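These notes are about the structure you will find just below.
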Amino acid sequence: MSTTPATVTYLDTAFKDKDRVKALGARWDPDARRWYVPMGLDLAPFEAWLPARSPQTAAASVTPATGTASTELAVPTGIALSQLMKGVAGAVAQAYRSGVWTRVEVSRADTRGGHVYLELAERDVQGAAVAQARAMIWASTAAAILPIFERATGVVLAAGIKLLVRAKPTVHAVYGLSLEIDAIDPEYTLGDLEARKREIRERLQREGVFDANRRLAAPWDFNAVLVVAPEGAAGLGDFHAEAQRLQRFGVCRFVYAHSRFQGEGAPALIRSALLHALDDWEPGALPDAVVIIRGGGAVNDLAWLNDYALARCICDLEVPVLTGIGHERDSTVLDEVAHRRFDTPSKVIAGIEQLIAQRARRAREHFEFVVHTARHQLQQARQETAQTVAHVRLQAVQSVRLGQQQSHSLLVAVRHQAAAQMGAARQAAQLQFVDVLAQGRHALHTARTGTQANLDGVLERTAVQAARARDNTSRTMDEVAAGARRALADGAQRSQALVREITGQGPHKTLGRGFAIVRRTGGAVATSAAGLAAEEAIDIEFRDGTVAARTLKKEQG
């Protein structure tokens with residue numbers, strides 16, 4: 001049989017509430033197996049566990065002065081506010097004996113003494129609040145449910161996130177209505193975050209710009225980069241240290257634009273900072289890439305970057321965007337639409353350094369190839385020049401010798417021809433003279449044997465024939481002499497032409513064709529590269545002058 005006075009007030013408590021009601025002064029009734037408030041103890045601290053009673057019943061059953069039951073009042077003085085609130089608290093407790101799963105959005109979160117105090121809201125599609133409430137998670141409950149929620153979602157309770165919570169309404173005479181939260185569904189929060197990303201992703205895909213930035217050509221090299229980051233962020237410090245080293249050596253220039261990356265309005269600030277920095281860039285030029293970085297953080301901190309306007313801005317840029325948001329497990333919409341995503345800011349600058357180093361190695365390889373090719377071609381040209389000069393000299397010597405031989409042969413032929421013509425002329429003259437003498441003797445014989453009358457005619461004809469014979473002989477001698485002179489002149493002209501041709505094949509004409517003659521100290525001609533010593537002074541003769549030079553140091557094989 002219970003020994004508890006009948007005037008005590010029993011409480012509706014759960015097992016988890018035993019320590020709290022005990023600390024407030026409640027006692028345990030082992031027979032009724034319930035906690036109760038002893039008579040005379042203020043009920044206000046226990047209003048969350050009071051049995052459900054209507055305000056009218058509560059007001060009629062307790063008088064303000066004595067607290068004893070009474071249904072008769074001399075004057076309608078009303079009830080105290082505390083009594084009214086107790087009735088409300090009882091009614092709420094009766095209506096909500098256990099928590100109800102409720103969708104809420106966190107407007108504010110604060111932790112004091114292990115307890116978590118929240119301001120919750122519900123908003124319509126335009127963002128206007130349609131409901132608001134205060135809520136709390138007792139320290140013991142927070143220690144049990146928050147680590148599980150944070151491990152599952154990566155989200156820390158903060159403004160801006162949406163939750164599915166199990167909440168029980170309670171009314172306090174001083175603090176009014178509030179919600180006690182004893183459970184949080186992590187799947188709902190993850191689903192809401194993913195749904196927001198999915199909505200933005202599908203909208204960009206419908207507009208045909210989702211992969212526009214990824215389709216841009218990757219930077220061939222980095223000379224100038226625009227960096228958008230929160231000022232003073234930890235990830236920016238790591239990035240800046242390496243970037244400053246590259247900039248100090250003139251390898252790549254980095255321009256920084258700072259903006260807040262979380263909280264209400266952060267996406268618009270990021271977009272504004274990015275576009276203003278591009279507008280201020282050098283006229284007619286763009287950076288090789290835009291880098292968007294921040295340090296690590298909770299998933300709900302990153303959720304501010306899941307914004308359609310900001311993502312569309314990245315899609316519309318004509319510059320490749322590299323992201324290093326700083327969260328390896330989760331990605332944002334910016335990571336998905338960017339040209340390339342890196343896990344951390346340090347990996348972004350490492351990727352930039354890697355490409356710069358790769359281009360530098362490739363440039364060095366090309367330079368060494370050009371130098372090697374140039375040296376090889378120079379050596380080959382020297383050998384070909386030496387061979388050409390030697391060949392020209394040989395041809396010139398052979399041409400001179402051939403010309404001399406041909407000139408000598410022509411002169412001999414001319415002499416023989418002239419001698420032959422002179423001999424022929426002498427023989428013709430002698431024959432004609434013999435013939436004339438014969439005719440003269442014949443005429444003389446005829447004259448001697450004829451009459452004296454014919455003697456004068458014979459003598460006259462003989463004289464005429466003798467004069468004619470002399471004229472013929474003189475003309476023949478003149479023709480022979482003229483022919484000899486013409487033959488000599490023709491031979492001289494042909495000899496001169498041959499000499500000019502031979503002279504035209506000489507070294508000066510060869511120099512005019514682009515060749516050069518290499519002479520050693522003292523004027524000796526160098527015909528082979530193997531015959532030259534390293535660092536030897538040489539003279540290179542061109543068509544229009546001579547240049548002093550020095551041979552290179554020979555490479556060791």
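The way I read the labels, and the way they are meant: chains A, B, ... in the order of the structure tokens, residue 1 as the first residue of every chain, and ligand 1 as the first ligand shown, with later ones counted on from there.
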Can you tell me which residues surround Val547 in chain A at a distance of at most 10 Å, considering only C-alpha atoms, apart from same-chain residues fewer than 4 positions away, and format the answer as an NGL selection string?
:A and (518 or 538-542)
Length of the CA of Ala14 in chain A to CA of Ser178 in chain A vector [Å]
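Interatomic distance here is 18.4 Å.
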DSSP on the backbone: what in range 120-178 of chain A comes out alpha helix (DSSP H), as a PyMOL selection string?
chain A and resi 139-153
What's the 9 Å shell around Ala48 in chain A, counting only C-alpha atoms, without same-chain residues fewer than 5 positions away, as a list of chain:residue names?
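Skipping anything fewer than 5 positions along the chain leaves A:Leu11, A:Asp12, A:Thr13, A:Ala89, A:Gly90, A:Val92, A:Ala93, A:Pro169, A:Thr170, A:Val171, A:His172.
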Keeping only C-alpha atoms, write those residues as a short mmCIF file (atom, residue, chain, number, x, y, z; two decimals), in the first residue's frame.
```cif
data_model
loop_
_atom_site.label_atom_id
_atom_site.label_comp_id
_atom_site.auth_asym_id
_atom_site.auth_seq_id
_atom_site.Cartn_x
_atom_site.Cartn_y
_atom_site.Cartn_z
CA LEU A 11 4.54 13.12 -13.18
CA ASP A 12 4.48 11.50 -16.61
CA THR A 13 8.17 10.77 -17.16
CA ALA A 89 1.79 22.89 -20.44
CA GLY A 90 -0.42 20.10 -19.18
CA VAL A 92 0.48 20.11 -24.56
CA ALA A 93 2.03 17.28 -22.58
CA PRO A 169 6.52 20.26 -27.74
CA THR A 170 6.81 21.57 -24.16
CA VAL A 171 5.55 24.75 -22.52
CA HIS A 172 7.43 26.62 -19.79
#
```
Proximity to Lys18 in chain A - best of A:Ala363, A:Arg34, A:Pro45, A:Asp490, only C-alpha atoms:
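Closest to Lys18 in chain A, using only C-alpha atoms: A:Arg34.
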